[in-house]
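Chemist: So that you have it, the file is structure.cif, and it contains mmCIF, C-alpha atoms:
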data_entry
loop_
_atom_site.label_atom_id
_atom_site.label_comp_id
_atom_site.auth_asym_id
_atom_site.auth_seq_id
_atom_site.Cartn_x
_atom_site.Cartn_y
_atom_site.Cartn_z
CA MET A 1 280.99 71.43 33.63
CA ASN A 2 280.79 67.71 32.81
CA PHE A 3 279.73 65.96 29.60
CA SER A 4 276.02 65.98 30.48
CA GLY A 5 276.14 69.67 31.28
CA TRP A 6 277.82 70.54 27.99
CA GLN A 7 275.39 68.34 26.08
CA ALA A 8 272.39 70.03 27.69
CA ARG A 9 273.80 73.46 26.90
CA PHE A 10 274.49 72.63 23.26
CA ARG A 11 271.08 71.04 22.81
CA ARG A 12 269.46 74.18 24.18
CA LEU A 13 271.51 76.36 21.83
CA GLN A 14 270.65 74.09 18.92
CA ASP A 15 266.95 74.63 19.65
CA GLU A 16 267.00 78.30 20.68
CA ASP A 17 269.94 80.10 19.07
CA ALA A 18 269.06 81.90 15.83
CA THR A 19 272.60 81.58 14.47
CA TRP A 20 272.61 77.83 14.96
CA ARG A 21 269.16 77.51 13.36
CA LEU A 22 270.34 79.48 10.35
CA LEU A 23 273.44 77.32 9.86
CA ARG A 24 271.29 74.16 10.17
CA ALA A 25 268.56 75.37 7.78
CA ASP A 26 268.02 73.16 4.72
CA ASN A 27 268.62 76.14 2.41
CA ALA A 28 271.33 77.76 4.55
CA PRO A 29 273.79 78.26 1.63
CA ILE A 30 271.10 80.04 -0.41
CA ILE A 31 269.91 82.17 2.51
CA LEU A 32 273.44 83.17 3.49
CA ALA A 33 274.42 83.88 -0.12
CA PHE A 34 271.39 86.12 -0.57
CA ILE A 35 272.01 88.03 2.67
CA ALA A 36 275.72 88.45 1.90
CA ASP A 37 274.99 89.73 -1.61
CA LEU A 38 272.06 91.95 -0.58
CA PHE A 39 274.09 93.78 2.07
CA ALA A 40 277.42 93.80 0.24
CA GLU A 41 277.27 97.57 -0.33
CA GLU A 42 274.79 98.82 2.27
CA ASN A 43 273.73 97.90 5.80
CA GLU A 44 270.08 98.69 5.12
CA VAL A 45 267.95 97.80 2.10
CA SER A 46 264.26 98.48 1.49
CA PHE A 47 261.89 95.53 1.80
CA ASP A 48 260.64 96.01 -1.77
CA ARG A 49 264.16 96.00 -3.18
CA ALA A 50 265.00 92.85 -1.21
CA ARG A 51 261.78 91.17 -2.40
CA ILE A 52 262.54 91.95 -6.06
CA ALA A 53 266.13 90.72 -5.68
CA LEU A 54 265.03 87.49 -3.98
CA ASP A 55 262.28 86.87 -6.55
CA THR A 56 264.94 87.09 -9.26
CA GLU A 57 267.18 84.58 -7.47
CA LEU A 58 264.30 82.20 -6.76
CA GLU A 59 263.22 82.24 -10.41
CA ARG A 60 266.79 81.48 -11.46
CA GLY A 61 266.88 78.66 -8.89
CA ARG A 62 263.70 77.12 -10.32
CA GLU A 63 265.15 77.26 -13.82
CA LEU A 64 268.37 75.58 -12.68
CA GLY A 65 266.49 73.00 -10.63
CA TYR A 66 267.78 73.70 -7.11
CA TRP A 67 264.63 75.52 -5.93
CA SER A 68 261.21 73.89 -6.24
CA SER A 69 258.91 75.92 -3.98
CA GLU A 70 256.48 78.31 -5.63
CA SER A 71 256.19 80.61 -2.62
CA GLY A 72 256.96 84.26 -3.26
CA ALA A 73 259.98 86.16 -2.00
CA GLY A 74 257.88 88.19 0.42
CA THR A 75 256.86 85.00 2.22
CA TYR A 76 260.46 83.96 2.73
CA LEU A 77 261.60 87.41 3.84
CA ASN A 78 258.87 87.53 6.47
CA GLN A 79 259.83 84.03 7.63
CA TRP A 80 263.48 85.08 7.96
CA ILE A 81 262.43 88.17 9.92
CA ARG A 82 260.40 86.02 12.34
CA LYS A 83 263.29 83.58 12.73
CA GLY A 84 265.62 86.44 13.68
CA TRP A 85 267.84 86.33 10.58
CA LEU A 86 266.71 89.71 9.23
CA ARG A 87 265.38 92.79 10.98
CA GLU A 88 262.71 95.16 9.61
CA MET A 89 262.09 98.73 10.69
CA ASP A 90 260.30 101.42 8.70
CA ASP A 91 260.16 99.07 5.68
CA MET A 92 263.96 98.77 5.75
CA LEU A 93 265.77 95.46 6.23
CA SER A 94 269.10 94.92 7.97
CA LYS A 95 271.13 91.97 9.18
CA THR A 96 270.74 90.71 12.72
CA ASP A 97 273.49 89.60 15.06
CA ALA A 98 272.54 86.00 14.18
CA SER A 99 273.03 86.41 10.42
CA GLU A 100 276.16 88.52 10.97
CA THR A 101 277.66 85.83 13.18
CA ALA A 102 276.75 83.05 10.73
CA LEU A 103 278.33 84.93 7.82
CA ARG A 104 281.46 85.66 9.84
CA PHE A 105 281.69 81.98 10.81
CA CYS A 106 281.42 80.85 7.18
CA ARG A 107 283.96 83.40 5.98
CA ALA A 108 286.38 82.25 8.67
CA LEU A 109 286.07 78.69 7.35
CA ASP A 110 286.80 79.88 3.82
CA GLU A 111 289.52 82.36 4.79
CA PRO A 112 291.45 80.82 7.70
CA ALA A 113 293.53 83.36 9.58
CA ALA A 114 296.84 81.55 9.11
CA GLY A 115 300.00 82.86 10.69
CA THR A 116 298.40 85.45 12.97
CA SER A 117 299.81 84.11 16.23
CA ALA A 118 302.32 86.95 16.54
CA SER A 119 299.63 89.60 16.06
CA HIS A 120 297.35 87.92 18.57
CA LEU A 121 300.15 87.68 21.11
CA ARG A 122 301.08 91.34 20.62
CA ILE A 123 297.47 92.45 21.11
CA VAL A 124 297.12 90.33 24.25
CA GLN A 125 300.43 91.61 25.64
CA ASP A 126 299.41 95.23 25.05
CA ALA A 127 295.99 94.66 26.60
CA VAL A 128 297.49 92.94 29.65
CA ARG A 129 300.04 95.74 30.12
CA ASP A 130 297.42 98.50 29.84
CA PHE A 131 295.06 96.70 32.19
CA ALA A 132 297.81 96.04 34.72
CA VAL A 133 298.72 99.73 34.74
CA ALA A 134 295.09 100.88 35.03
CA THR A 135 294.21 98.53 37.90
CA ASN A 136 297.39 98.63 39.98
CA PRO A 137 296.44 100.07 43.41
CA ASP A 138 300.06 101.12 44.00
CA LEU A 139 300.25 104.61 42.49
CA ASP A 140 304.06 104.62 42.59
CA ALA A 141 304.15 101.32 40.69
CA ARG A 142 301.70 102.68 38.11
CA ALA A 143 303.85 105.76 37.66
CA ALA A 144 306.94 103.56 37.26
CA GLN A 145 305.22 101.45 34.59
CA LEU A 146 304.17 104.56 32.67
CA GLU A 147 307.69 105.96 32.96
CA GLN A 148 309.01 102.73 31.47
CA GLN A 149 306.63 103.08 28.52
CA LYS A 150 307.72 106.70 28.17
CA ARG A 151 311.39 105.65 27.99
CA GLU A 152 310.59 103.03 25.35
CA ILE A 153 308.75 105.61 23.25
CA GLN A 154 311.56 108.13 23.64
CA ARG A 155 314.11 105.52 22.59
CA SER A 156 312.11 104.83 19.43
CA ILE A 157 311.90 108.57 18.70
CA ASP A 158 315.67 108.97 19.17
CA GLU A 159 316.38 106.05 16.82
CA LEU A 160 314.15 107.56 14.14
CA ARG A 161 315.89 110.92 14.45
CA GLU A 162 319.23 109.15 14.04
CA GLY A 163 317.98 107.53 10.85
CA VAL A 164 317.48 104.09 12.36
CA SER A 165 314.21 102.59 11.16
CA VAL A 166 313.04 99.02 11.71
CA GLU A 167 310.67 98.16 8.88
CA LEU A 168 308.05 95.45 9.13
CA SER A 169 308.67 92.51 6.84
CA GLU A 170 306.17 91.80 4.09
CA SER A 171 304.78 88.84 6.01
CA GLU A 172 304.41 90.97 9.17
CA GLN A 173 302.60 93.70 7.21
CA ARG A 174 300.27 91.13 5.66
CA GLU A 175 299.58 89.59 9.06
CA ARG A 176 298.83 92.90 10.74
CA ILE A 177 296.54 94.35 8.08
CA ARG A 178 294.51 91.14 8.09
CA GLU A 179 294.33 91.36 11.86
CA ILE A 180 293.02 94.92 11.57
CA TYR A 181 290.23 93.70 9.32
CA GLN A 182 289.39 90.76 11.60
CA LEU A 183 289.10 93.03 14.63
CA ALA A 184 287.10 95.68 12.76
CA SER A 185 284.70 93.16 11.24
CA VAL A 186 283.23 92.23 14.64
CA LEU A 187 282.46 95.81 15.68
CA THR A 188 278.98 95.97 14.19
CA GLY A 189 278.04 92.81 16.08
CA ASP A 190 278.15 94.81 19.31
CA PHE A 191 275.57 97.24 17.93
CA ARG A 192 273.28 94.41 16.85
CA ARG A 193 273.47 92.83 20.31
CA VAL A 194 272.48 96.18 21.83
CA GLU A 195 269.51 96.28 19.45
CA ASP A 196 268.51 92.76 20.53
CA ASP A 197 268.76 93.75 24.21
CA ILE A 198 266.61 96.85 23.66
CA ARG A 199 263.96 94.89 21.79
CA ARG A 200 263.91 92.16 24.44
CA ILE A 201 263.47 94.76 27.21
CA ASP A 202 260.75 96.50 25.21
CA LYS A 203 258.88 93.23 24.63
CA GLY A 204 259.09 92.29 28.31
CA LEU A 205 257.77 95.67 29.43
CA ARG A 206 254.84 95.55 27.00
CA ILE A 207 253.90 92.09 28.26
CA GLN A 208 254.13 93.38 31.82
CA MET A 209 251.86 96.32 30.98
CA ILE A 210 249.26 94.06 29.34
CA GLU A 211 249.25 91.21 31.86
CA GLY A 212 250.08 93.06 35.07
CA ASP A 213 248.26 95.60 37.18
CA SER A 214 251.22 97.95 37.58
CA SER A 215 250.63 101.66 37.47
CA ARG A 216 252.22 103.82 34.82
CA GLY A 217 254.66 105.10 37.43
CA ASP A 218 255.72 101.52 38.26
CA VAL A 219 256.22 100.72 34.58
CA LEU A 220 258.27 103.86 34.03
CA LEU A 221 260.42 103.02 37.04
CA GLU A 222 260.90 99.52 35.65
CA LEU A 223 261.88 101.01 32.30
CA MET A 224 264.53 103.23 33.87
CA GLU A 225 265.90 100.30 35.86
CA LYS A 226 266.05 98.19 32.70
CA GLU A 227 267.82 101.00 30.85
CA MET A 228 270.45 101.07 33.60
CA LEU A 229 270.82 97.30 33.34
CA LEU A 230 271.19 97.61 29.58
CA GLU A 231 274.08 100.03 29.96
CA ASN A 232 275.83 97.50 32.22
CA THR A 233 275.59 94.57 29.79
CA ASP A 234 278.63 93.72 27.66
CA ALA A 235 276.87 94.98 24.55
CA GLY A 236 275.61 98.12 26.28
CA SER A 237 279.04 98.94 27.69
CA ALA A 238 280.58 98.40 24.28
CA PHE A 239 278.04 100.75 22.73
CA GLU A 240 278.66 103.45 25.31
CA GLY A 241 282.39 103.17 24.68
CA PHE A 242 281.83 103.36 20.92
CA PHE A 243 279.65 106.41 21.29
CA HIS A 244 282.18 108.32 23.38
CA LEU A 245 284.93 107.51 20.89
CA LEU A 246 282.75 108.53 17.95
CA CYS A 247 282.05 111.87 19.66
CA ASP A 248 285.78 112.59 19.87
CA GLN A 249 286.26 114.48 16.63
CA ASN A 250 290.05 114.47 16.87
CA ARG A 251 290.27 110.71 17.35
CA THR A 252 287.74 109.87 14.65
CA THR A 253 289.43 112.18 12.14
CA GLU A 254 292.83 110.72 12.96
CA PHE A 255 291.44 107.19 12.73
CA SER A 256 289.81 107.84 9.35
CA ASP A 257 292.98 109.42 7.97
CA GLN A 258 295.10 106.51 9.16
CA LEU A 259 292.74 103.95 7.64
CA ARG A 260 292.84 105.82 4.34
CA ASP A 261 296.65 105.89 4.43
CA ILE A 262 296.87 102.17 5.21
CA LEU A 263 294.51 101.27 2.37
CA SER A 264 296.66 103.28 -0.06
CA LEU A 265 299.72 101.13 0.72
CA PRO A 266 300.70 98.11 -1.41
CA VAL A 267 300.07 95.83 1.59
CA ALA A 268 296.32 96.55 1.25
CA GLN A 269 296.33 94.23 -1.77
CA HIS A 270 296.48 91.34 0.69
CA LEU A 271 292.85 92.13 1.50
CA ASN A 272 290.13 91.28 -1.00
CA GLN A 273 287.88 93.95 -2.47
CA VAL A 274 285.07 93.39 0.05
CA GLN A 275 287.49 93.72 2.97
CA ARG A 276 289.03 96.92 1.57
CA GLN A 277 285.60 98.44 1.00
CA PHE A 278 284.57 97.54 4.54
CA LEU A 279 287.58 99.28 6.08
CA SER A 280 287.27 102.31 3.80
CA ARG A 281 283.76 103.06 5.07
CA LEU A 282 284.21 101.76 8.60
CA MET A 283 283.75 105.07 10.44
CA ARG A 284 280.71 106.01 8.36
CA GLU A 285 279.09 102.65 9.07
CA LEU A 286 279.84 102.85 12.80
CA SER A 287 278.24 106.28 12.95
CA ARG A 288 275.16 105.02 11.13
CA GLU A 289 274.92 101.95 13.35
CA SER A 290 275.14 104.06 16.52
CA GLU A 291 272.42 106.40 15.24
CA ARG A 292 270.28 103.35 14.52
CA VAL A 293 270.65 102.18 18.13
CA PHE A 294 269.66 105.65 19.38
CA SER A 295 266.64 105.59 17.08
CA ILE A 296 265.49 102.25 18.49
CA ARG A 297 266.03 103.53 22.03
CA ARG A 298 263.95 106.63 21.31
CA ARG A 299 261.15 104.52 19.87
CA THR A 300 261.17 102.25 22.90
CA GLU A 301 261.00 105.19 25.29
CA GLU A 302 258.26 106.90 23.27
CA GLY A 303 256.29 103.64 23.04
#
In structure tokens, what does this structure look like?

Modeler:
Amino acid sequence: MNFSGWQARFRRLQDEDATWRLLRADNAPIILAFIADLFAEENEVSFDRARIALDTELERGRELGYWSSESGAGTYLNQWIRKGWLREMDDMLSKTDASETALRFCRALDEPAAGTSASHLRIVQDAVRDFAVATNPDLDARAAQLEQQKREIQRSIDELREGVSVELSESEQRERIREIYQLASVLTGDFRRVEDDIRRIDKGLRIQMIEGDSSRGDVLLELMEKEMLLENTDAGSAFEGFFHLLCDQNRTTEFSDQLRDILSLPVAQHLNQVQRQFLSRLMRELSRESERVFSIRRRTEEG
């Protein structure tokens, strides 16, 4: 793509993308600060509670001189919902993918991930190795690769039994636990993209029903085809993968126990309080997010 192509793409994103619009908003620091504080402990907050909290902040802003508008908090919340920065369902508010992405972008500016090259390289190497094994059409070669991994694991087991233990340095521990948080922090974004896809499909089908002359059978067929397309999107595939992992009781229990053990180690102090809290309730939040997606799907199908 040449310069003109990139310019056209970025201009379109500047006009259409909700994340970009939020970051360019005149009161972006205030909006982001409010959203970050409102959802610091919970992923869903009632509209009334959000309105009261925002009214309090707006009154303080008027007293301090950085907020002059006399509009009420409810007006702003409804504006932010329409702009795609908040989502409302059953009188409950939650963040959207746009606000989540904007907050993650700002946090990354304030907390640069310095010195994580080794962790990134290790993750890429592991992913490349696993993918190479899984996609190799030569079954003998795949078996040989797995045998090599088996020998490496057995060598590590033998060394441990002989009392030989290679400990991670303090800097390596710090790097890896921060990498764990960075990877975990983007998980909920996949759920929010699935929500956006479902809502977009639902809106398109309703418009088709109103404007078109399709029969109910045609609309239902279209719905099923769209559902299949949804499952094949990046967000849909990610959600399906999440759901299958969440249904594996052994893996989720093991994962929760390991997270709890990691957060009890001294190295966890290299994370701030918000990051530690996020990891400590990660599995609970993933379960709630997946149930939310199912709820939206059920509503779409019923509608």

Chemist: State, in Å with one decimal place, the distance from CA of Gln145 in chain A to CA of Val133 in chain A.

Modeler: 6.7 Å

Chemist: Name every residue that the PyMOL selection byres ((chain A and resi 63-78) around 12) selects in this structure, writing the answer as number ranges by chain with chains first and numbers rising.

Modeler: A: 26-27, 29-31, 34-35, 46-62, 79-88, 91-95

Chemist: What does the distance between CA of Glu162 in chain A and CA of Gln148 in chain A come to in Å, to one decimal place?

Modeler: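 CA of Glu162 in chain A sits 21.2 Å away from CA of Gln148 in chain A.
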
Chemist: Of the candidates A:Arg11, A:Arg193, A:Arg276, A:Arg178, which shows the shortest atom-to-atom distance to Ser99 in chain A, using all atoms listed in the file?

Modeler: A:Arg193

Chemist: Which value, in Å to one decimal, gives the distance between CA of Asp158 in chain A and CA of Arg142 in chain A?

Modeler: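 Those two atoms sit 24.4 Å apart.
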
Chemist: May I have the residues within 9 Å of Leu279 in chain A as number ranges by chain, using only C-alpha atoms and disregarding those fewer than 3 positions away in the same chain?

Modeler: A: 180-181, 184-185, 259-260, 263, 274-276, 282-283

Chemist: Fewer than 4 positions away in the same chain doesn't count, so skip those; otherwise give me all residues within 12 Å of Pro266 in chain A, counting only C-alpha atoms, as a PyMOL selection string.

Modeler: chain A and resi 170+173-174+177+261-262+270-271

Chemist: Here is a test: counting only C-alpha atoms, which residue of A:Ile207, A:Leu22, A:Leu160, A:Ile153 is nearest to Ala98 in chain A?

Modeler: A:Leu22

Chemist: In terms of the shortest atom-to-atom distance over all atoms listed in the file, which of A:Met89, A:Val124, A:Cys247, A:Ala132 is closest to Glu195 in chain A?

Modeler: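 Smallest distance to Glu195 in chain A is found for A:Met89.
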
Chemist: Of the candidates A:Leu13, A:Ala28, A:Ala40, A:Leu146, which one gets nearest to Cys106 in chain A if we count all atoms listed in the file?

Modeler: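 Between A:Leu13, A:Ala28, A:Ala40, A:Leu146, the residue approaching Cys106 in chain A most closely is A:Ala28.
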